[in-house]
Every structure is written in C-alpha cells, then in structure tokens.
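Shown here: coords24.pdb, PDB, C-alpha atoms.
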```
ATOM      1  CA  MET A   1       0.000   0.000   0.000  1.00  0.00           C
ATOM      2  CA  ILE A   2       1.157   3.545  -0.787  1.00  0.00           C
ATOM      3  CA  VAL A   3       0.056   6.524   1.310  1.00  0.00           C
ATOM      4  CA  ALA A   4       0.388  10.116   0.150  1.00  0.00           C
ATOM      5  CA  ALA A   5       0.132  12.711   2.926  1.00  0.00           C
ATOM      6  CA  PHE A   6      -0.421  16.268   1.751  1.00  0.00           C
ATOM      7  CA  LYS A   7      -0.416  19.054   4.355  1.00  0.00           C
ATOM      8  CA  TYR A   8      -1.548  22.361   2.908  1.00  0.00           C
ATOM      9  CA  LYS A   9      -2.838  25.833   3.617  1.00  0.00           C
ATOM     10  CA  VAL A  10      -4.955  27.539   0.954  1.00  0.00           C
ATOM     11  CA  ASN A  11      -4.484  31.223   0.194  1.00  0.00           C
ATOM     12  CA  PRO A  12      -7.947  32.625   1.105  1.00  0.00           C
ATOM     13  CA  GLU A  13      -8.054  34.567  -2.177  1.00  0.00           C
ATOM     14  CA  PHE A  14      -8.054  31.242  -4.040  1.00  0.00           C
ATOM     15  CA  GLN A  15     -10.412  29.185  -1.836  1.00  0.00           C
ATOM     16  CA  GLU A  16     -13.182  28.998  -4.462  1.00  0.00           C
ATOM     17  CA  GLU A  17     -10.750  27.874  -7.152  1.00  0.00           C
ATOM     18  CA  PHE A  18      -9.242  25.295  -4.795  1.00  0.00           C
ATOM     19  CA  ASP A  19     -12.693  23.891  -3.976  1.00  0.00           C
ATOM     20  CA  ARG A  20     -13.532  23.591  -7.687  1.00  0.00           C
ATOM     21  CA  LEU A  21     -10.213  21.940  -8.609  1.00  0.00           C
ATOM     22  CA  TYR A  22     -10.389  19.622  -5.593  1.00  0.00           C
ATOM     23  CA  GLY A  23     -13.780  18.387  -6.824  1.00  0.00           C
ATOM     24  CA  TYR A  24     -12.355  17.661 -10.268  1.00  0.00           C
ATOM     25  CA  ALA A  25      -9.292  15.952  -8.811  1.00  0.00           C
ATOM     26  CA  ALA A  26     -11.436  13.751  -6.559  1.00  0.00           C
ATOM     27  CA  GLN A  27     -13.351  12.534  -9.623  1.00  0.00           C
ATOM     28  CA  HIS A  28     -10.163  11.847 -11.595  1.00  0.00           C
ATOM     29  CA  VAL A  29      -8.380   9.956  -8.816  1.00  0.00           C
ATOM     30  CA  ALA A  30     -11.454   7.840  -8.041  1.00  0.00           C
ATOM     31  CA  ALA A  31     -11.354   6.540 -11.637  1.00  0.00           C
ATOM     32  CA  ILE A  32      -7.811   5.157 -11.246  1.00  0.00           C
ATOM     33  CA  GLU A  33      -7.538   1.416 -10.754  1.00  0.00           C
ATOM     34  CA  GLY A  34      -5.688   0.881  -7.496  1.00  0.00           C
ATOM     35  CA  TYR A  35      -6.969   4.045  -5.804  1.00  0.00           C
ATOM     36  CA  ASP A  36      -8.466   3.049  -2.461  1.00  0.00           C
ATOM     37  CA  LYS A  37      -9.732   6.203  -0.722  1.00  0.00           C
ATOM     38  CA  HIS A  38      -8.811   9.628   0.586  1.00  0.00           C
ATOM     39  CA  GLU A  39      -9.527  11.514   3.785  1.00  0.00           C
ATOM     40  CA  VAL A  40      -9.156  15.174   4.758  1.00  0.00           C
ATOM     41  CA  TYR A  41      -8.385  16.392   8.269  1.00  0.00           C
ATOM     42  CA  ASP A  42      -8.534  19.962   9.527  1.00  0.00           C
ATOM     43  CA  GLY A  43      -5.592  21.135  11.585  1.00  0.00           C
ATOM     44  CA  GLU A  44      -4.478  24.270  13.337  1.00  0.00           C
ATOM     45  CA  ASN A  45      -4.000  27.704  11.804  1.00  0.00           C
ATOM     46  CA  GLY A  46      -5.922  26.920   8.635  1.00  0.00           C
ATOM     47  CA  HIS A  47      -3.825  23.888   7.708  1.00  0.00           C
ATOM     48  CA  HIS A  48      -5.391  20.714   6.346  1.00  0.00           C
ATOM     49  CA  MET A  49      -4.093  17.196   5.781  1.00  0.00           C
ATOM     50  CA  LEU A  50      -5.174  15.150   2.779  1.00  0.00           C
ATOM     51  CA  VAL A  51      -4.275  11.468   3.035  1.00  0.00           C
ATOM     52  CA  VAL A  52      -4.654   9.345  -0.103  1.00  0.00           C
ATOM     53  CA  TYR A  53      -4.391   5.547  -0.166  1.00  0.00           C
ATOM     54  CA  PHE A  54      -3.342   3.518  -3.200  1.00  0.00           C
ATOM     55  CA  LYS A  55      -3.098  -0.268  -3.449  1.00  0.00           C
ATOM     56  CA  ASP A  56       0.385  -0.152  -5.009  1.00  0.00           C
ATOM     57  CA  ARG A  57       3.121   2.103  -6.326  1.00  0.00           C
ATOM     58  CA  GLU A  58       2.002   1.725  -9.937  1.00  0.00           C
ATOM     59  CA  SER A  59      -1.463   3.123  -9.217  1.00  0.00           C
ATOM     60  CA  PHE A  60       0.075   6.049  -7.315  1.00  0.00           C
ATOM     61  CA  GLU A  61       2.354   6.772 -10.280  1.00  0.00           C
ATOM     62  CA  VAL A  62      -0.650   6.768 -12.630  1.00  0.00           C
ATOM     63  CA  TRP A  63      -2.139   9.499 -10.446  1.00  0.00           C
ATOM     64  CA  ASP A  64       1.119  11.389 -10.008  1.00  0.00           C
ATOM     65  CA  THR A  65       1.600  11.616 -13.783  1.00  0.00           C
ATOM     66  CA  HIS A  66      -2.079  12.126 -14.697  1.00  0.00           C
ATOM     67  CA  PRO A  67      -2.271  15.175 -17.034  1.00  0.00           C
ATOM     68  CA  GLU A  68      -5.066  16.884 -15.092  1.00  0.00           C
ATOM     69  CA  HIS A  69      -3.395  16.225 -11.748  1.00  0.00           C
ATOM     70  CA  LYS A  70      -0.178  17.743 -13.089  1.00  0.00           C
ATOM     71  CA  LYS A  71      -2.104  20.913 -14.028  1.00  0.00           C
ATOM     72  CA  TYR A  72      -3.719  21.107 -10.584  1.00  0.00           C
ATOM     73  CA  LYS A  73      -0.362  20.644  -8.845  1.00  0.00           C
ATOM     74  CA  GLU A  74       1.256  23.409 -10.880  1.00  0.00           C
ATOM     75  CA  ARG A  75      -1.632  25.795 -10.205  1.00  0.00           C
ATOM     76  CA  GLY A  76      -1.439  25.012  -6.502  1.00  0.00           C
ATOM     77  CA  LYS A  77       2.307  25.601  -6.342  1.00  0.00           C
ATOM     78  CA  THR A  78       2.154  28.931  -8.140  1.00  0.00           C
ATOM     79  CA  GLU A  79      -0.778  30.615  -6.353  1.00  0.00           C
ATOM     80  CA  ILE A  80      -3.403  28.554  -4.564  1.00  0.00           C
ATOM     81  CA  PHE A  81      -1.338  27.299  -1.630  1.00  0.00           C
ATOM     82  CA  GLU A  82       0.300  29.519   0.953  1.00  0.00           C
ATOM     83  CA  SER A  83       2.241  26.454   2.036  1.00  0.00           C
ATOM     84  CA  TYR A  84       2.336  22.719   1.406  1.00  0.00           C
ATOM     85  CA  ASP A  85       4.276  19.631   2.411  1.00  0.00           C
ATOM     86  CA  VAL A  86       3.910  16.337   0.537  1.00  0.00           C
ATOM     87  CA  SER A  87       5.181  12.944   1.708  1.00  0.00           C
ATOM     88  CA  VAL A  88       4.620   9.649  -0.097  1.00  0.00           C
ATOM     89  CA  GLY A  89       5.614   6.316   1.326  1.00  0.00           C
ATOM     90  CA  GLU A  90       5.061   2.608   1.322  1.00  0.00           C
ATOM     91  CA  VAL A  91       3.205   1.127   4.274  1.00  0.00           C
ATOM     92  CA  PHE A  92       5.114  -1.820   5.697  1.00  0.00           C
ATOM     93  CA  GLU A  93       2.971  -2.274   8.809  1.00  0.00           C
ATOM     94  CA  ARG A  94      -0.660  -1.430   9.588  1.00  0.00           C
ATOM     95  CA  HIS A  95      -3.024  -2.054  12.492  1.00  0.00           C
ATOM     96  CA  ILE A  96      -6.779  -1.434  12.270  1.00  0.00           C
ATOM     97  CA  LYS A  97      -9.497  -1.834  14.828  1.00  0.00           C
TER
END
```

Could you write out this structure as structure tokens?
Amino acid sequence: MIVAAFKYKVNPEFQEEFDRLYGYAAQHVAAIEGYDKHEVYDGENGHHMLVVYFKDRESFEVWDTHPEHKKYKERGKTEIFESYDVSVGEVFERHIK
C-alpha cells in the first residue's frame, strides 16, 4: 500500500478555485484502478491534511503523472497554496481496529 500525505494551507483569495479543482481531482483519482480512498483532516492555523491511499506504487504513479493532476499541482504551487508539504511512502505495517 502507498500513502500520500499532503499538508496544505490555501491562500484565502483562491479558496473557491481550490474547492472547484479539488472536486475535479477527486473525480479523476477515483477513476484510477488501485486508488483506495482519501480523507481530509482539519488542523491548526488553517492547515489541512489530505491522506490518499493507493493499493500499489504503480497506481500512485498513474495518479502522479495524470495530465489533469499535473495541471492542478502546478496551479497550486504557483498561487493557490500559501504552504504545502507532501510525503509519499510505502506502508510496511498497519493495524486497524
């Protein structure tokens, strides 16, 4: 399993655009074979954490190189996000209750 953790803070001037692009991105990622789910958590000082689960590295790479996702990432980097921190890793142990 691959987990992508994306901590971000949206520039308030671009909140509407972020919401629109997030909706499109959620539709695109859900169509990828190997995508499992995603969850969003609200943190302190306007930060949020998006956690996305993929069944394997190949399905993550399909998403990472998806043409629409690449456009959204570039737009986010240039204006939408005040800050962001992305980490992607392979899960080697998991416990669920």

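With distances taken over only C-alpha atoms, A:Ser59 is the one residue among A:Asn45, A:Thr78, A:Ser59, A:Ser83 lying closest to A:Ala4.
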
At a cut-off of 8 Å, using only C-alpha atoms, what residues contact stretch 46-52 of chain A? Leave out same-chain residues fewer than 5 positions from it and give the result as a PDB file with C-alpha atoms, keeping the file's coordinate frame.
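Output file selection_12.pdb follows:
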```pdb
ATOM      1  CA  VAL A   3       0.056   6.524   1.310  1.00  0.00           C
ATOM      2  CA  ALA A   4       0.388  10.116   0.150  1.00  0.00           C
ATOM      3  CA  ALA A   5       0.132  12.711   2.926  1.00  0.00           C
ATOM      4  CA  PHE A   6      -0.421  16.268   1.751  1.00  0.00           C
ATOM      5  CA  LYS A   7      -0.416  19.054   4.355  1.00  0.00           C
ATOM      6  CA  TYR A   8      -1.548  22.361   2.908  1.00  0.00           C
ATOM      7  CA  LYS A   9      -2.838  25.833   3.617  1.00  0.00           C
ATOM      8  CA  VAL A  10      -4.955  27.539   0.954  1.00  0.00           C
ATOM      9  CA  ASP A  36      -8.466   3.049  -2.461  1.00  0.00           C
ATOM     10  CA  LYS A  37      -9.732   6.203  -0.722  1.00  0.00           C
ATOM     11  CA  HIS A  38      -8.811   9.628   0.586  1.00  0.00           C
ATOM     12  CA  GLU A  39      -9.527  11.514   3.785  1.00  0.00           C
ATOM     13  CA  VAL A  40      -9.156  15.174   4.758  1.00  0.00           C
ATOM     14  CA  TYR A  41      -8.385  16.392   8.269  1.00  0.00           C
TER      15      TYR A  41
END
```

I'd like the residues picked by the PyMOL selection byres ((chain A and resi 26) around 12) written out as a PDB file with C-alpha atoms, keeping the file's coordinate frame, using the chain letters and numbers from the file.
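Output file expr_33.pdb follows:
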```pdb
ATOM      1  CA  PHE A  18      -9.242  25.295  -4.795  1.00  0.00           C
ATOM      2  CA  ASP A  19     -12.693  23.891  -3.976  1.00  0.00           C
ATOM      3  CA  ARG A  20     -13.532  23.591  -7.687  1.00  0.00           C
ATOM      4  CA  LEU A  21     -10.213  21.940  -8.609  1.00  0.00           C
ATOM      5  CA  TYR A  22     -10.389  19.622  -5.593  1.00  0.00           C
ATOM      6  CA  GLY A  23     -13.780  18.387  -6.824  1.00  0.00           C
ATOM      7  CA  TYR A  24     -12.355  17.661 -10.268  1.00  0.00           C
ATOM      8  CA  ALA A  25      -9.292  15.952  -8.811  1.00  0.00           C
ATOM      9  CA  GLN A  27     -13.351  12.534  -9.623  1.00  0.00           C
ATOM     10  CA  HIS A  28     -10.163  11.847 -11.595  1.00  0.00           C
ATOM     11  CA  VAL A  29      -8.380   9.956  -8.816  1.00  0.00           C
ATOM     12  CA  ALA A  30     -11.454   7.840  -8.041  1.00  0.00           C
ATOM     13  CA  ALA A  31     -11.354   6.540 -11.637  1.00  0.00           C
ATOM     14  CA  ILE A  32      -7.811   5.157 -11.246  1.00  0.00           C
ATOM     15  CA  TYR A  35      -6.969   4.045  -5.804  1.00  0.00           C
ATOM     16  CA  ASP A  36      -8.466   3.049  -2.461  1.00  0.00           C
ATOM     17  CA  LYS A  37      -9.732   6.203  -0.722  1.00  0.00           C
ATOM     18  CA  HIS A  38      -8.811   9.628   0.586  1.00  0.00           C
ATOM     19  CA  GLU A  39      -9.527  11.514   3.785  1.00  0.00           C
ATOM     20  CA  VAL A  40      -9.156  15.174   4.758  1.00  0.00           C
ATOM     21  CA  LEU A  50      -5.174  15.150   2.779  1.00  0.00           C
ATOM     22  CA  VAL A  52      -4.654   9.345  -0.103  1.00  0.00           C
ATOM     23  CA  TRP A  63      -2.139   9.499 -10.446  1.00  0.00           C
ATOM     24  CA  GLU A  68      -5.066  16.884 -15.092  1.00  0.00           C
ATOM     25  CA  HIS A  69      -3.395  16.225 -11.748  1.00  0.00           C
ATOM     26  CA  TYR A  72      -3.719  21.107 -10.584  1.00  0.00           C
TER      27      TYR A  72
END
```

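We find atom CA of A:Asp85 and atom CA of A:Phe54 to be spaced 18.7 Å apart.
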
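Here the question is which of A:Phe81, A:Glu13, A:Glu44, A:Glu90 gets nearest to A:Asp56 using only C-alpha atoms, and that residue is A:Glu90.
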
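The spacing separating atom CA of A:Gly34 from atom CA of A:Gly76 amounts to 24.5 Å.
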
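For the pair atom CA of A:Gln15 and atom CA of A:Lys71, the separation is 16.9 Å.
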
Quick one: what's the axis-aligned box for stretch 46-59 of chain A, all listed atoms, 3 Å on every side, centre and edges in Å to one decimal, as lines of an AutoDock Vina configuration file?
```
center_x = -1.4
center_y = 13.3
center_z = -0.7
size_x = 15.0
size_y = 33.2
size_z = 24.6
```

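Nearest residue to A:Glu79 among A:Phe92, A:Arg57, A:Phe14, A:Met1 is A:Phe14, counting all atoms listed in the file.
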
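Between A:Glu61 and the candidates A:Glu16, A:Glu33, A:Val86, A:Asp42, the tightest atom-to-atom separation, counting all atoms listed in the file, involves A:Glu33.
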